[in-house]
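coords07.csv follows; it contains CSV, C-alpha atoms.
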chain,number,residue,atom,x,y,z
A,18,MET,CA,0.0,0.0,0.0
A,19,GLU,CA,2.8,2.4,0.9
A,20,GLN,CA,4.6,1.4,-2.3
A,21,LYS,CA,1.5,2.2,-4.4
A,22,LEU,CA,1.2,5.7,-2.9
A,23,HIS,CA,4.8,6.4,-3.7
A,24,LYS,CA,4.2,5.4,-7.3
A,25,ASN,CA,1.1,7.6,-7.6
A,26,ALA,CA,3.0,10.6,-6.2
A,27,ALA,CA,5.8,10.1,-8.6
A,28,LYS,CA,3.4,9.8,-11.5
A,29,ALA,CA,1.7,13.0,-10.5
A,30,LEU,CA,4.9,14.9,-10.2
A,31,SER,CA,6.0,13.7,-13.6
A,32,THR,CA,2.8,14.7,-15.1
A,33,GLN,CA,2.9,18.2,-13.6
A,34,GLN,CA,6.5,18.7,-14.9
A,35,ASN,CA,5.5,17.6,-18.4
A,36,VAL,CA,2.5,19.9,-18.5
A,37,GLY,CA,4.5,23.0,-17.4
A,38,SER,CA,7.2,22.3,-20.0
A,39,PHE,CA,4.8,22.0,-22.9
A,40,LEU,CA,2.5,25.0,-22.2
A,41,PRO,CA,2.6,28.1,-24.5
A,42,GLU,CA,4.8,30.9,-23.3
A,43,LYS,CA,1.9,33.4,-23.1
A,44,VAL,CA,0.4,31.5,-20.3
A,45,TRP,CA,3.2,32.7,-18.0
A,46,THR,CA,3.1,36.4,-19.0
A,47,ASN,CA,1.7,39.2,-16.9
A,48,LYS,CA,-1.9,40.0,-17.7
A,49,ASN,CA,-1.4,43.7,-17.3
A,50,ALA,CA,1.5,43.7,-19.8
A,51,GLU,CA,-0.8,41.9,-22.3
A,52,LYS,CA,-3.5,44.5,-22.0
A,53,GLN,CA,-0.9,47.3,-22.5
A,54,ARG,CA,0.4,45.6,-25.7
A,55,LYS,CA,-3.1,45.4,-27.1
A,56,LYS,CA,-3.7,49.2,-26.4
A,57,MET,CA,-0.5,50.1,-28.3
A,58,LYS,CA,-1.7,48.3,-31.4
A,59,ARG,CA,-4.8,50.5,-31.6
A,60,THR,CA,-4.7,53.8,-33.7
A,61,PRO,CA,-3.8,56.8,-31.3
A,62,LYS,CA,-6.3,59.5,-31.0
A,63,LYS,CA,-5.4,63.2,-31.8
A,64,LYS,CA,-4.8,65.4,-28.7
A,65,LYS,CA,-6.8,68.5,-28.2
A,66,PRO,CA,-5.0,72.0,-28.2
A,67,HIS,CA,-3.9,73.3,-24.8
A,68,THR,CA,-6.3,75.8,-23.2
A,69,LEU,CA,-3.5,78.5,-22.8
A,70,LEU,CA,-2.7,78.4,-26.6
A,71,LYS,CA,-6.3,79.0,-27.4
A,72,CYS,CA,-6.4,82.1,-25.1
A,73,VAL,CA,-3.2,83.6,-26.7
A,74,SER,CA,-4.6,83.1,-30.2
A,75,VAL,CA,-7.9,84.8,-29.3
A,76,ALA,CA,-6.1,87.8,-27.7
A,77,LEU,CA,-3.9,88.3,-30.7
A,78,ALA,CA,-6.8,88.3,-33.1
A,79,GLY,CA,-8.7,90.7,-30.9
A,80,GLY,CA,-5.7,93.1,-30.7
A,81,LEU,CA,-5.3,93.1,-34.5
A,82,ILE,CA,-8.9,93.9,-35.0
A,83,GLY,CA,-8.7,96.7,-32.4
A,84,TYR,CA,-5.6,98.2,-34.0
A,85,MET,CA,-7.2,98.2,-37.5
A,86,THR,CA,-10.3,99.9,-36.1
A,87,TYR,CA,-8.1,102.6,-34.4
A,88,ILE,CA,-6.4,103.3,-37.8
A,89,ASN,CA,-9.7,103.6,-39.6
A,90,LEU,CA,-11.0,106.1,-37.0
A,91,LEU,CA,-7.8,108.3,-37.3
A,92,ALA,CA,-8.1,108.3,-41.1
A,93,ARG,CA,-11.7,109.4,-40.9
A,94,ALA,CA,-10.9,112.2,-38.4
A,95,TYR,CA,-8.0,113.4,-40.6
A,96,ASN,CA,-10.2,113.4,-43.8
A,97,ASP,CA,-12.9,115.3,-42.0
A,98,THR,CA,-10.5,118.1,-40.8
A,99,LEU,CA,-10.0,121.1,-43.0
A,100,PRO,CA,-6.3,121.7,-44.0
A,101,SER,CA,-4.6,124.7,-42.3
A,102,ARG,CA,-2.2,127.1,-43.9
A,103,ASP,CA,1.5,126.8,-42.7
A,104,PRO,CA,2.7,130.3,-41.7
A,105,HIS,CA,6.3,129.4,-42.5
A,106,THR,CA,8.0,129.3,-45.8
A,107,ALA,CA,10.6,127.0,-47.3
A,108,GLU,CA,13.3,129.5,-46.3
A,109,ASP,CA,12.5,129.1,-42.6
A,110,VAL,CA,15.0,126.9,-40.8
A,111,PHE,CA,14.3,125.4,-37.4
A,112,ASP,CA,16.9,124.1,-35.0
A,113,PRO,CA,15.7,121.1,-32.9
A,114,ASN,CA,17.6,122.6,-30.0
A,115,GLY,CA,15.5,125.7,-30.1
A,116,ASN,CA,18.2,128.1,-31.4
A,117,ASP,CA,17.3,130.9,-33.7
A,118,PHE,CA,19.2,131.4,-37.0
A,119,GLU,CA,20.2,134.7,-38.5
A,120,PHE,CA,20.5,135.1,-42.3
A,121,GLY,CA,22.7,137.5,-44.2
A,122,ASP,CA,21.9,139.4,-47.4
A,123,ASP,CA,23.1,136.4,-49.4
A,124,SER,CA,20.4,134.2,-47.6
A,125,GLN,CA,23.1,132.2,-45.9
A,126,ILE,CA,23.0,131.4,-42.2
A,127,ILE,CA,25.2,133.7,-40.2
A,128,THR,CA,27.2,131.5,-37.8
A,129,ASP,CA,29.4,134.3,-36.4
A,130,THR,CA,26.9,135.7,-33.8
A,131,MET,CA,27.0,137.0,-30.3
A,132,ASP,CA,24.2,137.1,-27.8
A,133,GLU,CA,23.4,140.1,-25.5
A,134,SER,CA,25.3,138.7,-22.5
A,135,GLU,CA,28.5,138.1,-24.6
A,136,ILE,CA,28.3,141.6,-26.1
A,137,LYS,CA,27.9,143.2,-22.7
A,138,VAL,CA,30.9,141.3,-21.2
A,139,LEU,CA,33.3,142.1,-24.0
A,140,THR,CA,32.3,145.7,-24.3
A,141,GLU,CA,32.4,146.4,-20.5
A,142,ASN,CA,35.7,144.5,-20.2
A,143,PHE,CA,37.4,146.6,-22.9
A,144,ILE,CA,36.0,150.0,-22.0
A,145,ASN,CA,36.4,149.7,-18.2
A,146,ASN,CA,40.0,148.6,-18.5
A,147,ILE,CA,41.2,151.3,-20.9
A,148,SER,CA,39.3,153.8,-18.8
A,149,GLU,CA,41.2,152.7,-15.7
A,150,ASP,CA,44.5,152.8,-17.6
A,151,ALA,CA,43.8,156.3,-18.9
A,152,ARG,CA,42.9,157.6,-15.4
A,153,ASN,CA,46.0,156.2,-13.9
A,154,ARG,CA,48.3,157.9,-16.5
A,155,CYS,CA,46.5,161.1,-17.4
A,156,GLU,CA,47.2,164.4,-15.6
A,157,THR,CA,43.7,165.8,-16.4
A,158,GLU,CA,40.2,164.5,-15.7
A,159,VAL,CA,39.3,161.7,-18.2
A,160,GLY,CA,35.6,161.2,-17.3
A,161,GLN,CA,33.6,158.6,-19.2
A,162,ILE,CA,34.6,157.2,-22.6
A,163,SER,CA,31.9,158.0,-25.1
A,164,GLU,CA,33.6,157.1,-28.4
A,165,ILE,CA,36.6,155.1,-29.7
A,166,LEU,CA,38.0,156.9,-32.7
A,167,ALA,CA,41.0,154.8,-33.8
A,168,CYS,CA,43.8,152.4,-32.8
A,169,ALA,CA,47.2,152.6,-34.4
A,170,LEU,CA,50.5,150.8,-34.2
A,171,ILE,CA,53.4,153.2,-34.6
A,172,PRO,CA,57.0,152.0,-35.0
A,173,CYS,CA,59.3,153.8,-32.5
A,174,ASN,CA,62.3,151.6,-32.0
A,175,MET,CA,64.3,150.6,-35.1
A,176,ILE,CA,67.2,148.9,-33.2
A,177,GLU,CA,67.0,145.2,-34.0
A,178,GLY,CA,67.7,143.0,-31.0
A,179,ALA,CA,66.9,145.7,-28.5
A,180,ASN,CA,63.2,146.3,-29.3
A,181,GLU,CA,61.6,143.1,-27.9
A,182,ILE,CA,59.2,145.1,-25.6
A,183,ASP,CA,59.1,148.6,-27.1
A,184,LYS,CA,59.2,148.1,-30.9
A,185,TYR,CA,55.8,149.9,-31.3
A,186,ARG,CA,53.6,152.4,-29.6
A,187,LEU,CA,50.0,151.2,-29.6
A,188,SER,CA,47.8,154.4,-29.6
A,189,ILE,CA,44.1,154.4,-28.8
A,190,LEU,CA,42.2,157.6,-29.5
A,191,PHE,CA,39.0,158.2,-27.7
A,192,LYS,CA,36.6,161.0,-26.6
A,193,ASN,CA,34.9,161.5,-23.3
A,194,GLU,CA,31.4,162.9,-22.6
A,195,ASN,CA,32.7,166.4,-22.9
A,196,GLU,CA,34.1,165.8,-26.5
A,197,ASN,CA,37.7,166.1,-25.3
A,198,LEU,CA,40.1,164.0,-27.3
A,199,PHE,CA,42.6,161.7,-25.6
A,200,GLU,CA,45.6,159.7,-26.8
A,201,LEU,CA,46.2,156.5,-24.7
A,202,GLN,CA,49.6,154.8,-25.5
A,203,TYR,CA,51.0,151.4,-24.7
A,204,PHE,CA,54.4,149.8,-25.3
A,205,THR,CA,54.5,146.6,-27.2
A,206,GLY,CA,57.0,144.4,-29.0
A,207,THR,CA,54.7,142.6,-31.3
A,208,ASP,CA,51.7,143.2,-33.6
A,209,PHE,CA,48.4,141.7,-32.6
A,210,GLU,CA,47.7,138.2,-34.0
A,211,SER,CA,44.8,135.8,-33.7
A,212,ASP,CA,43.5,132.7,-35.5
A,213,ALA,CA,40.1,132.8,-33.9
A,214,GLU,CA,37.2,132.0,-36.2
A,215,THR,CA,34.4,134.0,-34.5
A,216,SER,CA,34.2,137.7,-33.7
A,217,LYS,CA,33.7,137.2,-29.9
A,218,ASP,CA,36.8,135.0,-29.7
A,219,TYR,CA,38.8,137.3,-31.9
A,220,PHE,CA,38.0,140.4,-29.8
A,221,ALA,CA,38.7,138.4,-26.6
A,222,ASP,CA,42.2,137.7,-28.0
A,223,PHE,CA,42.7,141.4,-28.6
A,224,ILE,CA,41.8,142.2,-25.0
A,225,ASN,CA,44.3,139.5,-23.8
A,226,TYR,CA,46.8,141.1,-26.2
A,227,LEU,CA,46.4,144.4,-24.3
A,228,TYR,CA,46.7,142.7,-21.0
A,229,TYR,CA,49.7,140.4,-21.6
A,230,ASN,CA,51.6,141.9,-24.6
A,231,CYS,CA,51.3,145.6,-23.9
A,232,SER,CA,52.4,148.0,-21.1
A,233,ILE,CA,50.5,151.1,-20.2
A,234,LEU,CA,52.7,154.2,-20.9
A,235,SER,CA,50.8,157.5,-21.0
A,236,CYS,CA,47.5,159.2,-21.6
A,237,VAL,CA,47.4,162.8,-22.8
A,238,ASP,CA,44.5,165.2,-23.7
A,239,ILE,CA,45.3,166.3,-27.3
A,240,THR,CA,42.1,168.2,-27.9
A,241,ASP,CA,44.0,171.5,-28.7
A,242,ASN,CA,46.7,170.0,-30.9
A,243,LEU,CA,44.5,169.8,-34.0
A,244,ALA,CA,43.5,173.4,-33.7
A,245,LEU,CA,47.2,174.3,-33.3
A,246,PHE,CA,47.9,172.8,-36.7
A,247,ASP,CA,45.0,174.5,-38.5
A,248,GLY,CA,46.3,175.8,-41.8
A,249,CYS,CA,49.3,173.5,-42.0
A,250,VAL,CA,47.6,170.1,-42.4
A,251,ASP,CA,44.8,169.1,-44.8
A,252,GLU,CA,41.3,167.9,-44.0
A,253,THR,CA,42.3,164.2,-43.9
A,254,VAL,CA,44.1,164.8,-40.6
A,255,THR,CA,41.9,163.8,-37.7
A,256,ALA,CA,44.3,164.2,-34.8
A,257,VAL,CA,47.9,165.2,-33.9
A,258,GLY,CA,49.4,163.2,-31.1
A,259,GLN,CA,51.8,164.0,-28.3
A,260,ALA,CA,55.6,163.8,-28.9
A,261,PHE,CA,57.4,160.7,-27.5
A,262,TRP,CA,60.9,159.4,-27.6
A,263,GLY,CA,62.1,156.7,-30.0
A,264,TYR,CA,65.2,155.3,-31.6
A,265,LYS,CA,66.5,155.0,-35.2
A,266,GLU,CA,68.6,152.2,-36.5
A,267,SER,CA,71.8,154.1,-35.6
A,268,GLY,CA,70.8,154.1,-32.0
A,269,ASP,CA,70.2,157.9,-31.8
A,270,GLU,CA,67.3,159.2,-29.8
A,271,TYR,CA,64.5,161.0,-31.7
A,272,TYR,CA,61.3,162.8,-31.0
A,273,TYR,CA,58.3,161.1,-32.8
A,274,ILE,CA,55.1,163.0,-33.4
A,275,PRO,CA,52.2,161.0,-34.9
A,276,VAL,CA,49.7,162.7,-37.2
A,277,TYR,CA,46.6,160.6,-37.7
A,278,THR,CA,44.8,160.7,-41.0
A,279,SER,CA,42.4,157.8,-40.8
A,280,ALA,CA,41.6,154.7,-38.7
A,281,GLY,CA,45.0,153.2,-38.0
A,282,GLU,CA,46.9,155.2,-40.6
A,283,GLY,CA,48.9,158.3,-40.6
A,284,THR,CA,52.4,159.9,-40.7
A,285,VAL,CA,54.9,160.1,-38.0
A,286,TYR,CA,57.3,163.1,-38.0
A,287,TYR,CA,60.6,162.8,-36.2
A,288,THR,CA,63.7,164.9,-35.4
A,289,ILE,CA,66.7,164.2,-33.2
A,290,SER,CA,65.9,165.0,-29.6
A,291,SER,CA,69.2,166.6,-28.7
A,292,THR,CA,68.4,169.5,-31.0
A,293,ILE,CA,65.0,170.2,-29.4
A,294,ASP,CA,66.3,169.8,-25.9
A,295,GLY,CA,69.4,171.8,-26.5
A,296,TYR,CA,67.3,174.8,-27.5
A,297,GLU,CA,64.6,174.1,-24.9
A,298,LYS,CA,61.9,173.9,-27.5
A,299,ASP,CA,58.5,172.2,-27.6
A,300,PRO,CA,58.7,169.5,-30.3
A,301,VAL,CA,55.0,169.8,-31.2
A,302,GLU,CA,55.3,173.6,-31.6
A,303,GLU,CA,58.5,173.2,-33.6
A,304,LEU,CA,56.7,170.7,-36.0
A,305,ARG,CA,53.9,173.2,-36.5
A,306,ARG,CA,56.5,175.9,-37.4
A,307,HIS,CA,58.2,173.5,-39.7
A,308,LEU,CA,55.0,172.6,-41.6
A,309,LEU,CA,54.1,176.3,-41.9
A,310,ASN,CA,57.7,177.1,-42.9
A,311,ILE,CA,58.1,179.6,-40.1
A,312,LYS,CA,61.8,180.6,-39.7
A,313,ASP,CA,63.7,181.9,-36.8
A,314,ASP,CA,67.3,181.9,-35.7
A,315,ASN,CA,67.3,178.2,-34.9
A,316,SER,CA,64.9,177.0,-37.6
A,317,ASP,CA,67.7,175.8,-39.9
A,318,LYS,CA,69.1,173.7,-37.1
A,319,ILE,CA,65.8,171.9,-36.3
A,320,ALA,CA,64.7,169.7,-39.3
A,321,PHE,CA,62.0,167.1,-39.4
A,322,SER,CA,61.7,164.0,-41.5
A,323,TYR,CA,58.7,161.7,-41.7
A,324,MET,CA,57.6,158.2,-42.6
A,325,PRO,CA,54.1,156.7,-42.9
A,326,PHE,CA,52.8,154.2,-40.5
A,327,THR,CA,50.6,151.6,-42.1
A,328,LYS,CA,47.7,150.2,-40.4
A,329,SER,CA,47.8,146.7,-38.7
A,330,SER,CA,45.1,144.7,-40.5
A,331,ASN,CA,44.6,142.5,-37.3
A,332,ILE,CA,44.1,145.5,-35.0
A,333,GLN,CA,41.8,147.1,-37.5
A,334,LYS,CA,39.7,143.9,-37.7
A,335,ALA,CA,39.4,144.1,-33.9
A,336,MET,CA,38.3,147.7,-34.1
A,337,LYS,CA,35.7,146.9,-36.7
A,338,ILE,CA,34.3,144.2,-34.4
A,339,LEU,CA,34.2,146.8,-31.6
A,340,SER,CA,32.4,149.5,-33.6
A,341,GLU,CA,30.0,147.3,-35.7
A,342,LYS,CA,29.2,144.4,-33.4
A,343,LEU,CA,29.8,145.6,-29.8
A,344,LEU,CA,29.3,149.3,-29.4
A,345,LYS,CA,26.6,149.5,-32.1
A,346,GLU,CA,24.6,146.6,-30.5
A,347,ASN,CA,24.9,148.2,-27.1
A,348,GLU,CA,23.5,151.4,-28.5
A,349,ASN,CA,20.6,149.5,-30.1
A,350,GLU,CA,19.9,147.7,-26.8
A,351,THR,CA,19.9,151.0,-24.9
A,352,GLU,CA,17.5,152.6,-27.4
A,353,ASN,CA,15.2,149.6,-27.2
A,354,LYS,CA,15.1,149.8,-23.4
A,355,LEU,CA,14.3,153.5,-23.5
Would you write the structure of this file as structure tokens?
Amino acid sequence: MEQKLHKNAAKALSTQQNVGSFLPEKVWTNKNAEKQRKKMKRTPKKKKPHTLLKCVSVALAGGLIGYMTYINLLARAYNDTLPSRDPHTAEDVFDPNGNDFEFGDDSQIITDTMDESEIKVLTENFINNISEDARNRCETEVGQISEILACALIPCNMIEGANEIDKYRLSILFKNENENLFELQYFTGTDFESDAETSKDYFADFINYLYYNCSILSCVDITDNLALFDGCVDETVTAVGQAFWGYKESGDEYYYIPVYTSAGEGTVYYTISSTIDGYEKDPVEELRRHLLNIKDDNSDKIAFSYMPFTKSSNIQKAMKILSEKLLKENENETENKL
């Protein structure tokens, strides 16, 4: 009986092993994996667009429609508005910085301009300083300067190598409020030079030239000198200056007397100083006698020679700026205020 049970158990075990070894492979696979495989064989469905993308598309479409509506409204408003006449012409030029342009007679823009503050500063600086120099060197009352007549550069030291600071006399002729005529003189060794492109810079350089290249020498009231020479000079003479010392090439000392004919031009008469001083004569009076050909016992011993002094183009340019752009503008401003 026991032997029979053992045979039956062995037979069952053998049968179970044989059944497991011959079953199809799919019997042993995971059921969930099989379901997933079947789903993958099906045709995938299309995914619906994301909700945010739909909102963006709607917003863009609405913005485009609103913009086109705004453009149409502007166009209608412009077409319904009557055209207005432009008060400006094609010749009007506007600066985006708000500056005004000035035009010359040739219709070209004038770039060399000065505003009211610049004119005031340059004018007051020049007038105040020569007024102070005149009062410091003049023996008579100067008063207020009312008019600048001329500025001349007169050669007075011909000795080369010894005239670095006194080669010329710079003479400024002016009148005060009483119509008295004054001759203000400076020493200088050089002519005025400037490469400035604008009038304000050019005249500022001239003021600096007076400060740094010239030394104040004298100021004399010469109002009566012209009347003294009445009859011995022609109508082109505007003033007769005071005598001053100078040197010729030989090194001899001479008296120089400038006779001004026009702005920055004239003739300088000269005679050796020892002859004048030896006879205790007045050089200006002796020049008058010489021009009138008045003779006395010493007339043959006192002789005058002369040479023209040509105008300095640079100084005359500065004087032109003073008269036409500084003093003239100041007069116009004063008249407008009155």
For this session: Go ahead and find all residues with at least one atom no further than 12 Å from (31.4, 147.4, -21.5) in the file's coordinates, using only C-alpha atoms; report them as an MDAnalysis selection string.
Result: chainID A and resid 133:148 161:163 339 343:348
With C-alpha atoms kept, could you save the residues just selected as a tab-separated table (two decimals), in the frame of the given file?
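Below you can see result.tsv, which holds the result:
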chain	number	residue	atom	x	y	z
A	133	GLU	CA	23.40	140.10	-25.50
A	134	SER	CA	25.30	138.70	-22.50
A	135	GLU	CA	28.50	138.10	-24.60
A	136	ILE	CA	28.30	141.60	-26.10
A	137	LYS	CA	27.90	143.20	-22.70
A	138	VAL	CA	30.90	141.30	-21.20
A	139	LEU	CA	33.30	142.10	-24.00
A	140	THR	CA	32.30	145.70	-24.30
A	141	GLU	CA	32.40	146.40	-20.50
A	142	ASN	CA	35.70	144.50	-20.20
A	143	PHE	CA	37.40	146.60	-22.90
A	144	ILE	CA	36.00	150.00	-22.00
A	145	ASN	CA	36.40	149.70	-18.20
A	146	ASN	CA	40.00	148.60	-18.50
A	147	ILE	CA	41.20	151.30	-20.90
A	148	SER	CA	39.30	153.80	-18.80
A	161	GLN	CA	33.60	158.60	-19.20
A	162	ILE	CA	34.60	157.20	-22.60
A	163	SER	CA	31.90	158.00	-25.10
A	339	LEU	CA	34.20	146.80	-31.60
A	343	LEU	CA	29.80	145.60	-29.80
A	344	LEU	CA	29.30	149.30	-29.40
A	345	LYS	CA	26.60	149.50	-32.10
A	346	GLU	CA	24.60	146.60	-30.50
A	347	ASN	CA	24.90	148.20	-27.10
A	348	GLU	CA	23.50	151.40	-28.50
Exercise. Any idea what the distance is between atom CA of Glu196 of chain A and atom CA of Phe261 of chain A?
Worked result: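 According to the coordinates, atom CA of Glu196 of chain A and atom CA of Phe261 of chain A are separated by 23.9 Å.
In this model, the gap between atom CA of Cys236 of chain A and atom CA of Ser188 of chain A comes to 9.3 Å.
The environment of Tyr296 of chain A within 10 Å, counting only C-alpha atoms and disregarding residues fewer than 2 places along the same chain, consists of Ser291, Thr292, Ile293, Asp294, Lys298, Asp299, Asn315, Lys318 and Ile319 of chain A.
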Exercise. With all atoms listed in the file as the basis for distance, which of A:Asn193, A:Asn153, A:Thr253, A:Thr130 is at the shortest distance from Leu234 of chain A?
Worked result: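 Looking at the shortest contact to Leu234 of chain A, the residue is A:Asn153.
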Thr205 of chain A: which residues within 6 Å, counting all atoms listed in the file, same-chain residues fewer than 3 positions away excluded, as a PDB file with C-alpha atoms, keeping the file's coordinate frame?
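Output below, filename out-v3.pdb:
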ATOM      1  CA  ILE A 182      59.200 145.100 -25.600  1.00  0.00           C
ATOM      2  CA  ASP A 183      59.100 148.600 -27.100  1.00  0.00           C
ATOM      3  CA  TYR A 185      55.800 149.900 -31.300  1.00  0.00           C
ATOM      4  CA  CYS A 231      51.300 145.600 -23.900  1.00  0.00           C
TER       5      CYS A 231
END
For this session: State, in Å with one decimal place, the distance from atom CA of Glu210 of chain A to atom CA of Lys192 of chain A.
Result: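 Result for atom CA of Glu210 of chain A versus atom CA of Lys192 of chain A: 26.4 Å, one decimal.
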For this session: Find the spatial neighbours of Leu304 of chain A, counting only C-alpha atoms, within a cut-off of 12 Å - ignore same-chain residues fewer than 6 positions away - and output them as an MDAnalysis selection string.
Result: chainID A and resid 242 245:246 249:250 257:260 272:276 285:288 293 298 310:312 316 319:323
For this session: Considering all atoms listed in the file, return as a VMD selection string whatever protein or nucleic-acid residues lie within 8 Å of Leu170 of chain A, sequence-local ones (same chain, fewer than 2 positions apart) excluded.
Result: chain A and resid 168 172 185 to 188 208 281 326 to 329
Using the file's own x, y and z axes, what box holds all listed atoms of segment 227-244 of chain A with 5 Å on each side, keeping edges along x, y and z, and what are its centre and edge lengths in Å to one decimal, as lines of an AutoDock Vina configuration file?
center_x = 47.4
center_y = 156.9
center_z = -27.1
size_x = 20.6
size_y = 43.0
size_z = 23.8
For this session: Fewer than 4 positions away in the same chain doesn't count, so skip those; otherwise give me all residues within 8 Å of Val237 of chain A, counting all atoms listed in the file, as a PyMOL selection string.
Result: chain A and resi 155-157+199-201+259
Filtering to C-alpha atoms, could you give me those residues as a short mmCIF file (atom, residue, chain, number, x, y, z; two decimals), in the frame of the given file?
data_model
loop_
_atom_site.label_atom_id
_atom_site.label_comp_id
_atom_site.auth_asym_id
_atom_site.auth_seq_id
_atom_site.Cartn_x
_atom_site.Cartn_y
_atom_site.Cartn_z
CA CYS A 155 46.50 161.10 -17.40
CA GLU A 156 47.20 164.40 -15.60
CA THR A 157 43.70 165.80 -16.40
CA PHE A 199 42.60 161.70 -25.60
CA GLU A 200 45.60 159.70 -26.80
CA LEU A 201 46.20 156.50 -24.70
CA GLN A 259 51.80 164.00 -28.30
#
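Residue nearest Arg152 of chain A, chosen from A:Asn174, A:Ile233, A:Asn331, A:Ile165 and counting all atoms listed in the file: A:Ile233.
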For this session: For each of A:Val301, A:Ile127, A:Val159, A:Ala213, take the minimum atom-to-atom distance to Glu194 of chain A, counting only C-alpha atoms, then give the residue where this is smallest.
Result: A:Val159
